[in-house]
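Visitor: Contents of final.pdb (PDB, C-alpha atoms and all ligand atoms):
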```pdb
ATOM      1  CA  MET A   9      -3.269 -16.680  10.791  1.00  0.00           C
ATOM      2  CA  LEU A  10      -2.945 -14.293   7.872  1.00  0.00           C
ATOM      3  CA  PRO A  11      -4.908 -15.051   4.694  1.00  0.00           C
ATOM      4  CA  GLU A  12      -2.916 -16.163   1.673  1.00  0.00           C
ATOM      5  CA  VAL A  13      -2.301 -13.460  -0.918  1.00  0.00           C
ATOM      6  CA  ARG A  14       0.000 -13.169  -3.902  1.00  0.00           C
ATOM      7  CA  LEU A  15       1.383 -10.250  -5.841  1.00  0.00           C
ATOM      8  CA  SER A  16       1.529 -10.020  -9.620  1.00  0.00           C
ATOM      9  CA  GLU A  17       2.288  -7.599 -12.410  1.00  0.00           C
ATOM     10  CA  ILE A  18      -0.564  -5.151 -12.963  1.00  0.00           C
ATOM     11  CA  THR A  19      -2.794  -5.608 -16.030  1.00  0.00           C
ATOM     12  CA  ARG A  20      -5.129  -3.217 -17.868  1.00  0.00           C
ATOM     13  CA  GLU A  21      -8.131  -5.042 -16.324  1.00  0.00           C
ATOM     14  CA  ASP A  22      -6.593  -4.445 -12.873  1.00  0.00           C
ATOM     15  CA  VAL A  23      -6.229  -0.721 -13.605  1.00  0.00           C
ATOM     16  CA  ALA A  24      -9.913  -0.591 -14.607  1.00  0.00           C
ATOM     17  CA  ARG A  25     -10.858  -2.196 -11.278  1.00  0.00           C
ATOM     18  CA  MET A  26      -8.628   0.254  -9.402  1.00  0.00           C
ATOM     19  CA  ALA A  27     -10.433   3.140 -11.140  1.00  0.00           C
ATOM     20  CA  GLU A  28     -13.762   1.633 -10.075  1.00  0.00           C
ATOM     21  CA  TRP A  29     -12.704   0.970  -6.467  1.00  0.00           C
ATOM     22  CA  LEU A  30     -11.405   4.511  -6.066  1.00  0.00           C
ATOM     23  CA  GLN A  31     -14.796   5.892  -7.095  1.00  0.00           C
ATOM     24  CA  ASP A  32     -16.083   4.562  -3.763  1.00  0.00           C
ATOM     25  CA  LYS A  33     -16.082   7.474  -1.294  1.00  0.00           C
ATOM     26  CA  GLU A  34     -15.204   5.303   1.692  1.00  0.00           C
ATOM     27  CA  VAL A  35     -12.217   3.821  -0.150  1.00  0.00           C
ATOM     28  CA  ASN A  36     -10.839   7.095  -1.478  1.00  0.00           C
ATOM     29  CA  ALA A  37     -11.549   8.909   1.810  1.00  0.00           C
ATOM     30  CA  SER A  38      -9.031   6.709   3.621  1.00  0.00           C
ATOM     31  CA  TRP A  39      -6.627   6.881   0.654  1.00  0.00           C
ATOM     32  CA  TYR A  40      -5.842  10.249  -1.054  1.00  0.00           C
ATOM     33  CA  GLY A  41      -9.372  11.646  -1.432  1.00  0.00           C
ATOM     34  CA  ALA A  42     -10.524  13.370  -4.610  1.00  0.00           C
ATOM     35  CA  ASP A  43      -9.539  16.540  -6.461  1.00  0.00           C
ATOM     36  CA  GLU A  44     -11.734  19.628  -6.803  1.00  0.00           C
ATOM     37  CA  LYS A  45     -13.538  18.014  -9.773  1.00  0.00           C
ATOM     38  CA  GLY A  46     -14.304  14.908  -7.727  1.00  0.00           C
ATOM     39  CA  GLU A  47     -11.696  12.779  -9.552  1.00  0.00           C
ATOM     40  CA  PRO A  48     -10.271  10.281  -7.015  1.00  0.00           C
ATOM     41  CA  LEU A  49      -6.568  10.747  -6.383  1.00  0.00           C
ATOM     42  CA  HIS A  50      -4.111   7.895  -6.602  1.00  0.00           C
ATOM     43  CA  ILE A  51      -0.401   7.650  -6.036  1.00  0.00           C
ATOM     44  CA  GLY A  52       2.126   7.005  -8.830  1.00  0.00           C
ATOM     45  CA  TYR A  53      -0.366   7.051 -11.689  1.00  0.00           C
ATOM     46  CA  THR A  54      -3.954   8.055 -12.464  1.00  0.00           C
ATOM     47  CA  PRO A  55      -6.008   4.904 -13.160  1.00  0.00           C
ATOM     48  CA  SER A  56      -8.583   6.628 -15.402  1.00  0.00           C
ATOM     49  CA  GLN A  57      -5.718   7.990 -17.564  1.00  0.00           C
ATOM     50  CA  MET A  58      -3.881   4.674 -17.819  1.00  0.00           C
ATOM     51  CA  LEU A  59      -6.865   2.757 -19.192  1.00  0.00           C
ATOM     52  CA  ASP A  60      -6.007   3.801 -22.760  1.00  0.00           C
ATOM     53  CA  ALA A  61      -2.290   4.403 -22.276  1.00  0.00           C
ATOM     54  CA  SER A  62       0.055   3.622 -25.175  1.00  0.00           C
ATOM     55  CA  GLU A  63       2.338   0.614 -24.737  1.00  0.00           C
ATOM     56  CA  GLU A  64       5.278   2.998 -24.350  1.00  0.00           C
ATOM     57  CA  HIS A  65       3.572   4.982 -21.557  1.00  0.00           C
ATOM     58  CA  TRP A  66       2.493   1.725 -19.885  1.00  0.00           C
ATOM     59  CA  GLN A  67       6.077   0.453 -19.832  1.00  0.00           C
ATOM     60  CA  GLU A  68       7.322   3.762 -18.446  1.00  0.00           C
ATOM     61  CA  VAL A  69       4.804   3.747 -15.569  1.00  0.00           C
ATOM     62  CA  PHE A  70       4.638   0.049 -14.682  1.00  0.00           C
ATOM     63  CA  HIS A  71       8.161  -1.153 -15.456  1.00  0.00           C
ATOM     64  CA  SER A  72      10.047   1.509 -13.553  1.00  0.00           C
ATOM     65  CA  ASP A  73      13.086   0.669 -11.403  1.00  0.00           C
ATOM     66  CA  VAL A  74      11.966   3.255  -8.872  1.00  0.00           C
ATOM     67  CA  ARG A  75       8.246   2.667  -8.395  1.00  0.00           C
ATOM     68  CA  LYS A  76       7.179  -0.981  -8.382  1.00  0.00           C
ATOM     69  CA  VAL A  77       3.411  -1.461  -8.705  1.00  0.00           C
ATOM     70  CA  TYR A  78       1.822  -4.842  -7.894  1.00  0.00           C
ATOM     71  CA  SER A  79      -1.701  -6.195  -7.995  1.00  0.00           C
ATOM     72  CA  VAL A  80      -2.750  -8.109  -4.879  1.00  0.00           C
ATOM     73  CA  HIS A  81      -4.758 -11.329  -5.335  1.00  0.00           C
ATOM     74  CA  SER A  82      -6.511 -13.538  -2.801  1.00  0.00           C
ATOM     75  CA  ALA A  83      -5.906 -17.306  -2.713  1.00  0.00           C
ATOM     76  CA  ASN A  84      -8.695 -17.975  -5.225  1.00  0.00           C
ATOM     77  CA  GLY A  85      -7.055 -15.604  -7.720  1.00  0.00           C
ATOM     78  CA  ASP A  86      -9.416 -12.648  -7.279  1.00  0.00           C
ATOM     79  CA  HIS A  87      -7.832  -9.229  -7.720  1.00  0.00           C
ATOM     80  CA  ILE A  88      -8.416  -7.475  -4.369  1.00  0.00           C
ATOM     81  CA  GLY A  89      -6.008  -4.538  -4.200  1.00  0.00           C
ATOM     82  CA  GLU A  90      -2.709  -2.915  -5.028  1.00  0.00           C
ATOM     83  CA  GLY A  91       0.694  -2.483  -3.427  1.00  0.00           C
ATOM     84  CA  GLN A  92       3.543  -0.175  -4.345  1.00  0.00           C
ATOM     85  CA  ILE A  93       7.222   0.093  -3.401  1.00  0.00           C
ATOM     86  CA  LEU A  94       8.830   3.463  -4.070  1.00  0.00           C
ATOM     87  CA  ILE A  95      12.577   2.856  -3.919  1.00  0.00           C
ATOM     88  CA  GLU A  96      15.161   5.463  -2.927  1.00  0.00           C
ATOM     89  CA  ALA A  97      18.165   3.381  -3.964  1.00  0.00           C
ATOM     90  CA  PRO A  98      21.001   5.657  -2.711  1.00  0.00           C
ATOM     91  CA  LEU A  99      19.482   5.526   0.786  1.00  0.00           C
ATOM     92  CA  TRP A 100      18.662   1.791   0.614  1.00  0.00           C
ATOM     93  CA  GLU A 101      15.074   2.532   1.594  1.00  0.00           C
ATOM     94  CA  ALA A 102      11.558   2.510   0.204  1.00  0.00           C
ATOM     95  CA  GLN A 103       8.150   3.943   0.955  1.00  0.00           C
ATOM     96  CA  LEU A 104       5.389   1.316   0.865  1.00  0.00           C
ATOM     97  CA  PHE A 105       1.719   1.680  -0.081  1.00  0.00           C
ATOM     98  CA  ILE A 106      -1.095  -0.859   0.230  1.00  0.00           C
ATOM     99  CA  LEU A 107      -4.750  -0.609  -0.704  1.00  0.00           C
ATOM    100  CA  VAL A 108      -7.412  -3.287  -0.371  1.00  0.00           C
ATOM    101  CA  GLY A 109      -9.883  -2.034  -2.978  1.00  0.00           C
ATOM    102  CA  ARG A 110     -12.622  -4.553  -2.214  1.00  0.00           C
ATOM    103  CA  LYS A 111     -13.847  -3.018   1.003  1.00  0.00           C
ATOM    104  CA  GLU A 112     -16.066  -6.005   1.883  1.00  0.00           C
ATOM    105  CA  LEU A 113     -12.711  -7.727   2.592  1.00  0.00           C
ATOM    106  CA  TRP A 114     -11.423  -5.063   4.998  1.00  0.00           C
ATOM    107  CA  TYR A 115     -10.398  -6.106   8.527  1.00  0.00           C
ATOM    108  CA  ARG A 116      -9.781  -9.746   7.605  1.00  0.00           C
ATOM    109  CA  GLY A 117      -6.008  -9.534   7.455  1.00  0.00           C
ATOM    110  CA  TYR A 118      -5.585  -8.991   3.694  1.00  0.00           C
ATOM    111  CA  GLY A 119      -3.929  -5.594   4.145  1.00  0.00           C
ATOM    112  CA  THR A 120      -1.442  -7.048   6.642  1.00  0.00           C
ATOM    113  CA  ALA A 121      -0.722 -10.032   4.362  1.00  0.00           C
ATOM    114  CA  GLY A 122      -0.202  -7.747   1.348  1.00  0.00           C
ATOM    115  CA  LEU A 123       2.133  -5.483   3.306  1.00  0.00           C
ATOM    116  CA  VAL A 124       4.147  -8.498   4.511  1.00  0.00           C
ATOM    117  CA  HIS A 125       4.669  -9.473   0.835  1.00  0.00           C
ATOM    118  CA  LEU A 126       5.813  -5.931   0.023  1.00  0.00           C
ATOM    119  CA  LEU A 127       8.212  -6.028   2.989  1.00  0.00           C
ATOM    120  CA  ASP A 128       9.591  -9.390   1.828  1.00  0.00           C
ATOM    121  CA  LEU A 129      10.303  -7.844  -1.565  1.00  0.00           C
ATOM    122  CA  ALA A 130      11.781  -4.681  -0.048  1.00  0.00           C
ATOM    123  CA  PHE A 131      14.120  -6.498   2.335  1.00  0.00           C
ATOM    124  CA  TYR A 132      14.829  -9.867   0.703  1.00  0.00           C
ATOM    125  CA  THR A 133      14.592  -9.093  -3.045  1.00  0.00           C
ATOM    126  CA  TYR A 134      15.680  -5.456  -3.230  1.00  0.00           C
ATOM    127  CA  ASN A 135      17.971  -5.789  -0.172  1.00  0.00           C
ATOM    128  CA  LEU A 136      16.903  -2.476   1.322  1.00  0.00           C
ATOM    129  CA  HIS A 137      17.752  -1.336   4.831  1.00  0.00           C
ATOM    130  CA  ARG A 138      14.590   0.573   5.752  1.00  0.00           C
ATOM    131  CA  ALA A 139      10.933   0.584   4.738  1.00  0.00           C
ATOM    132  CA  TRP A 140       8.533   3.309   5.763  1.00  0.00           C
ATOM    133  CA  VAL A 141       4.913   4.357   5.464  1.00  0.00           C
ATOM    134  CA  ASP A 142       3.243   7.758   5.700  1.00  0.00           C
ATOM    135  CA  ILE A 143      -0.225   7.361   7.196  1.00  0.00           C
ATOM    136  CA  PRO A 144      -2.710  10.193   7.696  1.00  0.00           C
ATOM    137  CA  GLU A 145      -3.645  10.584  11.351  1.00  0.00           C
ATOM    138  CA  TYR A 146      -7.330   9.842  10.634  1.00  0.00           C
ATOM    139  CA  ASN A 147      -6.596   6.397   9.129  1.00  0.00           C
ATOM    140  CA  LEU A 148      -6.795   4.347  12.330  1.00  0.00           C
ATOM    141  CA  PRO A 149      -7.039   0.888  10.697  1.00  0.00           C
ATOM    142  CA  ALA A 150      -3.857   1.562   8.675  1.00  0.00           C
ATOM    143  CA  LEU A 151      -2.017   2.857  11.767  1.00  0.00           C
ATOM    144  CA  HIS A 152      -3.128  -0.204  13.713  1.00  0.00           C
ATOM    145  CA  MET A 153      -2.077  -2.540  10.887  1.00  0.00           C
ATOM    146  CA  CYS A 154       1.414  -0.995  10.669  1.00  0.00           C
ATOM    147  CA  GLU A 155       1.921  -1.080  14.453  1.00  0.00           C
ATOM    148  CA  ARG A 156       0.977  -4.750  14.509  1.00  0.00           C
ATOM    149  CA  ILE A 157       3.506  -5.477  11.763  1.00  0.00           C
ATOM    150  CA  GLY A 158       6.189  -3.774  13.840  1.00  0.00           C
ATOM    151  CA  PHE A 159       6.606  -0.353  12.212  1.00  0.00           C
ATOM    152  CA  LYS A 160       7.871   2.197  14.741  1.00  0.00           C
ATOM    153  CA  LEU A 161       6.631   5.752  14.960  1.00  0.00           C
ATOM    154  CA  GLU A 162       9.369   8.049  13.612  1.00  0.00           C
ATOM    155  CA  GLY A 163       7.672  11.407  13.464  1.00  0.00           C
ATOM    156  CA  ARG A 164       4.749  13.579  12.663  1.00  0.00           C
ATOM    157  CA  LEU A 165       4.601  15.165   9.199  1.00  0.00           C
ATOM    158  CA  ARG A 166       2.597  18.369   9.155  1.00  0.00           C
ATOM    159  CA  GLY A 167      -0.122  19.183   6.625  1.00  0.00           C
ATOM    160  CA  THR A 168       0.669  16.302   4.265  1.00  0.00           C
ATOM    161  CA  HIS A 169      -2.816  15.039   3.396  1.00  0.00           C
ATOM    162  CA  PRO A 170      -5.637  17.161   1.983  1.00  0.00           C
ATOM    163  CA  LYS A 171      -9.097  15.949   2.954  1.00  0.00           C
ATOM    164  CA  ASP A 172     -12.485  17.667   2.997  1.00  0.00           C
ATOM    165  CA  GLY A 173     -10.900  21.056   2.322  1.00  0.00           C
ATOM    166  CA  GLU A 174      -8.369  20.807   5.149  1.00  0.00           C
ATOM    167  CA  TRP A 175      -4.775  19.692   5.501  1.00  0.00           C
ATOM    168  CA  HIS A 176      -4.160  16.810   7.891  1.00  0.00           C
ATOM    169  CA  ASP A 177      -0.951  15.650   9.545  1.00  0.00           C
ATOM    170  CA  SER A 178       0.384  12.163   8.992  1.00  0.00           C
ATOM    171  CA  LEU A 179       2.610   9.789  10.909  1.00  0.00           C
ATOM    172  CA  ALA A 180       5.857   8.489   9.451  1.00  0.00           C
ATOM    173  CA  MET A 181       6.466   4.915  10.615  1.00  0.00           C
ATOM    174  CA  GLY A 182       9.560   2.928   9.749  1.00  0.00           C
ATOM    175  CA  LEU A 183      10.883  -0.606   9.953  1.00  0.00           C
ATOM    176  CA  LEU A 184      14.527  -1.665   9.646  1.00  0.00           C
ATOM    177  CA  THR A 185      15.621  -4.898   8.056  1.00  0.00           C
ATOM    178  CA  GLU A 186      16.884  -6.532  11.289  1.00  0.00           C
ATOM    179  CA  GLU A 187      13.629  -5.633  13.077  1.00  0.00           C
ATOM    180  CA  TYR A 188      11.594  -7.215  10.282  1.00  0.00           C
ATOM    181  CA  VAL A 189      13.632 -10.412  10.244  1.00  0.00           C
ATOM    182  CA  ARG A 190      12.890 -10.842  13.978  1.00  0.00           C
ATOM    183  CA  ARG A 191       9.245  -9.878  13.629  1.00  0.00           C
ATOM    184  CA  ARG A 192       8.246 -11.832  10.512  1.00  0.00           C
ATOM    185  CA  ALA A 193       8.116 -15.332  12.038  1.00  0.00           C
ATOM    186  CA  ARG A 194       5.754 -14.128  14.787  1.00  0.00           C
ATOM    187  CA  LEU A 195       3.468 -12.442  12.267  1.00  0.00           C
ATOM    188  CA  MET A 196       2.979 -15.702  10.402  1.00  0.00           C
ATOM    189  CA  GLU A 197       2.094 -17.719  13.542  1.00  0.00           C
ATOM    190  CA  PRO A 198      -1.529 -18.723  14.162  1.00  0.00           C
ATOM    191  CA  GLU A 199      -3.374 -16.522  16.710  1.00  0.00           C
ATOM    192  CA  PRO A 200      -3.339 -18.069  20.235  1.00  0.00           C
ATOM    193  CA  ALA A 201      -6.654 -19.872  20.908  1.00  0.00           C
ATOM    194  CA  GLY A 202      -9.250 -18.233  23.209  1.00  0.00           C
TER
HETATM  195  C1  LIG A 301      -5.793   0.126   5.611  1.00  0.00           C
HETATM  196  C2  LIG A 301      -6.101  -1.179   4.883  1.00  0.00           C
HETATM  197  C3  LIG A 301      -4.962  -1.483   3.871  1.00  0.00           C
HETATM  198  C4  LIG A 301      -6.127  -2.277   5.911  1.00  0.00           C
HETATM  199  O1  LIG A 301      -6.378  -3.502   5.243  1.00  0.00           O
HETATM  200  P1  LIG A 301      -7.223  -4.636   5.977  1.00  0.00           P
HETATM  201  O2  LIG A 301      -7.179  -5.870   5.181  1.00  0.00           O
HETATM  202  O3  LIG A 301      -8.545  -4.079   6.325  1.00  0.00           O
HETATM  203  O4  LIG A 301      -6.287  -4.731   7.266  1.00  0.00           O
HETATM  204  P2  LIG A 301      -6.086  -5.870   8.338  1.00  0.00           P
HETATM  205  O5  LIG A 301      -7.350  -6.628   8.560  1.00  0.00           O
HETATM  206  O6  LIG A 301      -4.877  -6.632   7.928  1.00  0.00           O
HETATM  207  O7  LIG A 301      -5.698  -4.987   9.612  1.00  0.00           O
HETATM  208  C5  LIG A 301      -6.507  -3.889  10.012  1.00  0.00           C
HETATM  209  C6  LIG A 301      -6.295  -3.670  11.480  1.00  0.00           C
HETATM  210  O8  LIG A 301      -6.964  -2.476  11.879  1.00  0.00           O
HETATM  211  C7  LIG A 301      -7.866  -2.799  12.958  1.00  0.00           C
HETATM  212  N1  LIG A 301      -8.978  -1.862  12.870  1.00  0.00           N
HETATM  213  C8  LIG A 301     -10.082  -1.952  12.144  1.00  0.00           C
HETATM  214  N2  LIG A 301     -10.848  -0.857  12.341  1.00  0.00           N
HETATM  215  C9  LIG A 301     -10.171  -0.079  13.199  1.00  0.00           C
HETATM  216  C10 LIG A 301     -10.454   1.182  13.814  1.00  0.00           C
HETATM  217  N3  LIG A 301     -11.544   1.864  13.511  1.00  0.00           N
HETATM  218  N4  LIG A 301      -9.524   1.671  14.669  1.00  0.00           N
HETATM  219  C11 LIG A 301      -8.391   1.019  14.948  1.00  0.00           C
HETATM  220  N5  LIG A 301      -8.086  -0.190  14.401  1.00  0.00           N
HETATM  221  C12 LIG A 301      -8.980  -0.714  13.554  1.00  0.00           C
HETATM  222  C13 LIG A 301      -8.245  -4.213  12.713  1.00  0.00           C
HETATM  223  O9  LIG A 301      -8.746  -4.806  13.889  1.00  0.00           O
HETATM  224  C14 LIG A 301      -6.898  -4.802  12.292  1.00  0.00           C
HETATM  225  O10 LIG A 301      -6.044  -4.989  13.379  1.00  0.00           O
HETATM  226  P3  LIG A 301      -5.813  -6.467  14.009  1.00  0.00           P
HETATM  227  O11 LIG A 301      -5.297  -7.322  12.899  1.00  0.00           O
HETATM  228  O12 LIG A 301      -4.804  -6.251  15.093  1.00  0.00           O
HETATM  229  O13 LIG A 301      -7.158  -6.900  14.506  1.00  0.00           O
HETATM  230  C15 LIG A 301      -7.477  -1.155   4.163  1.00  0.00           C
HETATM  231  O14 LIG A 301      -8.465  -0.806   5.089  1.00  0.00           O
HETATM  232  C16 LIG A 301      -7.481  -0.201   2.984  1.00  0.00           C
HETATM  233  O15 LIG A 301      -7.109  -0.579   1.886  1.00  0.00           O
HETATM  234  N6  LIG A 301      -7.869   1.066   3.206  1.00  0.00           N
HETATM  235  C17 LIG A 301      -7.795   2.083   2.157  1.00  0.00           C
HETATM  236  C18 LIG A 301      -6.350   2.379   1.764  1.00  0.00           C
HETATM  237  C19 LIG A 301      -5.441   2.649   2.944  1.00  0.00           C
HETATM  238  O16 LIG A 301      -5.851   3.271   3.901  1.00  0.00           O
HETATM  239  N7  LIG A 301      -4.168   2.190   2.862  1.00  0.00           N
HETATM  240  C20 LIG A 301      -3.192   2.350   3.919  1.00  0.00           C
HETATM  241  C21 LIG A 301      -2.099   3.293   3.557  1.00  0.00           C
HETATM  242  S1  LIG A 301      -0.499   2.484   3.737  1.00  0.00           S
END
```
Let's see the structure in the file written out as structure tokens.

Guide:
Amino acid sequence: MLPEVRLSEITREDVARMAEWLQDKEVNASWYGADEKGEPLHIGYTPSQMLDASEEHWQEVFHSDVRKVYSVHSANGDHIGEGQILIEAPLWEAQLFILVGRKELWYRGYGTAGLVHLLDLAFYTYNLHRAWVDIPEYNLPALHMCERIGFKLEGRLRGTHPKDGEWHDSLAMGLLTEEYVRRRARLMEPEPAG
């Protein structure tokens, strides 16, 4: 059974925690790594730069119609990660991103639960036709998580992710709305005993 999570609007305190989580080498190594100055890379915005952002800049980044950024919380209300939906409206599709920043919670189903919430939003709220993820080939837990959810391998993207001074390939995996509708009920079922 997946753990309960909920998504909420991101706050300045959440951005500060994101900045802190990304300082962890193990976290940023499976995410986008760090730049040549050692500054961890993030997608959509730079947490350290948003800490003191003006209200106008904040609105621009976090209230966009194209990139939706959500904080992920566990059942007890703790902020545990972030999810993003990058919408390509003319194509009725979106790229999804999920990060569980509190690595002591990895491999307990929180990433899967967070991604299921993002998929619900993508398909049921934004009425999209396709959701996809772009996962570097070295990120085995993320590949495993997406396969379990039902994403299908669509192709190999060459040299998309810089890490440790080298470019790595990534795998594009996609899920269509009708596939998700069929898959979702099974994902929410308790694991068979034994
Ligand atoms: C990838 C990430 C989101 C997964 O979150 P999580 O809460 O740990 O994920 P889950 O527990 O829901 O699922 C992880 C799956 O990978 C499996 N796994 C763990 N280690 C693995 C390994 N070394 N090789 C293969 N599979 C592995 C787990 O067993 C689990 O599969 P299961 O549910 O079938 O048992 C999380 O590790 C993270 O935030 N990493 C950094 C950011 C990132 O990589 N994001 C993904 C880009 S979309």

Visitor: If the PyMOL selection byres (((not hetatm)) within 7 of (chain A and resi 301)) is run on the structure shown, which residues does it catch, given as a PyMOL selection string?

Guide: chain A and resi 35-36+38-39+104-109+113-121+141-143+147-150+152-153+156

Visitor: Quick one: residues within 9 Å of range 41-49 of chain A, all atoms listed in the file, excluding same-chain residues fewer than 6 positions away - as an MDAnalysis selection string?

Guide: chainID A and resid 27 30:33 35 55 169:172

Visitor: Counting all atoms listed in the file, which residues of range 132-180 of chain A sit at most 10 Å from some atom of range 125-128 of chain A, and what is each one's closest atom pair with its distance in Å to one decimal, listed by chain and rising residue number, as CSV?

Guide:
```
residue,atom,partner,partner_atom,distance
A:Tyr132,CA,A:Asp128,CA,5.4
A:Thr133,CA,A:Asp128,CA,7.0
A:Tyr134,CA,A:Asp128,CA,8.8
A:Asn135,CA,A:Asp128,CA,9.3
A:Leu136,CA,A:Leu127,CA,9.5
A:Arg138,CA,A:Leu127,CA,9.6
A:Ala139,CA,A:Leu127,CA,7.4
A:Trp140,CA,A:Leu127,CA,9.7
A:Ile157,CA,A:Leu127,CA,10.0
```

Visitor: Return the single residue from A:Thr54, A:Asn84, A:Thr19, A:Thr185 that is closest to Glu101 in chain A, with distances computed using all atoms listed in the file.

Guide: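 The shortest atom-to-atom distance to Glu101 in chain A comes from A:Thr185.
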
Visitor: If the PyMOL selection byres (((chain A and resi 56) around 9) and not hetatm) were run on this exact file, what residues would it hold? Put them as number ranges by chain.

Guide: A: 23-24, 26-28, 54-55, 57-60

Visitor: Excluding range 65-76 of chain A and residues on its chain fewer than 4 positions from it, collect all residues at most 8 Å away from it, counting all atoms listed in the file, and give them as an NGL selection string.

Guide: :A and (18 or 52-53 or 58 or 61 or 92-97)

Visitor: Please produce an output containing C-alpha atoms for each residue in the selection, written as a PDB file, keeping the file's coordinate frame.

Guide:
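Printed below is out39.pdb as written:
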```pdb
ATOM      1  CA  ILE A  18      -0.564  -5.151 -12.963  1.00  0.00           C
ATOM      2  CA  GLY A  52       2.126   7.005  -8.830  1.00  0.00           C
ATOM      3  CA  TYR A  53      -0.366   7.051 -11.689  1.00  0.00           C
ATOM      4  CA  MET A  58      -3.881   4.674 -17.819  1.00  0.00           C
ATOM      5  CA  ALA A  61      -2.290   4.403 -22.276  1.00  0.00           C
ATOM      6  CA  GLN A  92       3.543  -0.175  -4.345  1.00  0.00           C
ATOM      7  CA  ILE A  93       7.222   0.093  -3.401  1.00  0.00           C
ATOM      8  CA  LEU A  94       8.830   3.463  -4.070  1.00  0.00           C
ATOM      9  CA  ILE A  95      12.577   2.856  -3.919  1.00  0.00           C
ATOM     10  CA  GLU A  96      15.161   5.463  -2.927  1.00  0.00           C
ATOM     11  CA  ALA A  97      18.165   3.381  -3.964  1.00  0.00           C
TER      12      ALA A  97
END
```

Visitor: Between CA of Ala180 in chain A and CA of Ala102 in chain A, measure the distance and give it in Å to one decimal.

Guide: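 Here the two named atoms are 12.4 Å from each other.
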
Visitor: Skipping near chain neighbours, those fewer than 6 positions away, what residues fall within 10 Å of Thr168 in chain A using only C-alpha atoms, listed as a VMD selection string?

Guide: chain A and resid 142 to 144 175 to 179

Visitor: Please save C-alpha atoms of the selected residues as a short mmCIF file (atom, residue, chain, number, x, y, z; two decimals), in the coordinates of the input.

Guide:
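Result file out27.cif:
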```
data_model
loop_
_atom_site.label_atom_id
_atom_site.label_comp_id
_atom_site.auth_asym_id
_atom_site.auth_seq_id
_atom_site.Cartn_x
_atom_site.Cartn_y
_atom_site.Cartn_z
CA ASP A 142 3.24 7.76 5.70
CA ILE A 143 -0.22 7.36 7.20
CA PRO A 144 -2.71 10.19 7.70
CA TRP A 175 -4.78 19.69 5.50
CA HIS A 176 -4.16 16.81 7.89
CA ASP A 177 -0.95 15.65 9.54
CA SER A 178 0.38 12.16 8.99
CA LEU A 179 2.61 9.79 10.91
#
```

Visitor: Taking only C-alpha atoms into account, which of A:Leu195, A:Arg20, A:Val77, A:Gly89 comes nearest Ser62 in chain A?

Guide: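 Of all the options, A:Arg20 lies closest to Ser62 in chain A.
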
Visitor: Looking at only C-alpha atoms, which of A:Ala83, A:Val124, A:Met9, A:Met181 is the one that sits closest to Glu145 in chain A?

Guide: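 Using only C-alpha atoms, Glu145 in chain A sits closest to A:Met181.
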
Visitor: Calculate, to one decimal in Å, the centre and edge lengths of the box along x, y and z of the file that holds all listed atoms of range 159-166 of chain A with 3 Å of margin on each side, and present them as lines of an AutoDock Vina configuration file.

Guide:
```
center_x = 6.0
center_y = 9.0
center_z = 12.1
size_x = 12.8
size_y = 24.7
size_z = 11.8
```

Visitor: Just how far from CA of Glu199 in chain A is CA of Leu10 in chain A, in Å to one decimal?

Guide: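 Computing the Euclidean distance for CA of Leu10 in chain A and CA of Glu199 in chain A yields 9.1 Å.
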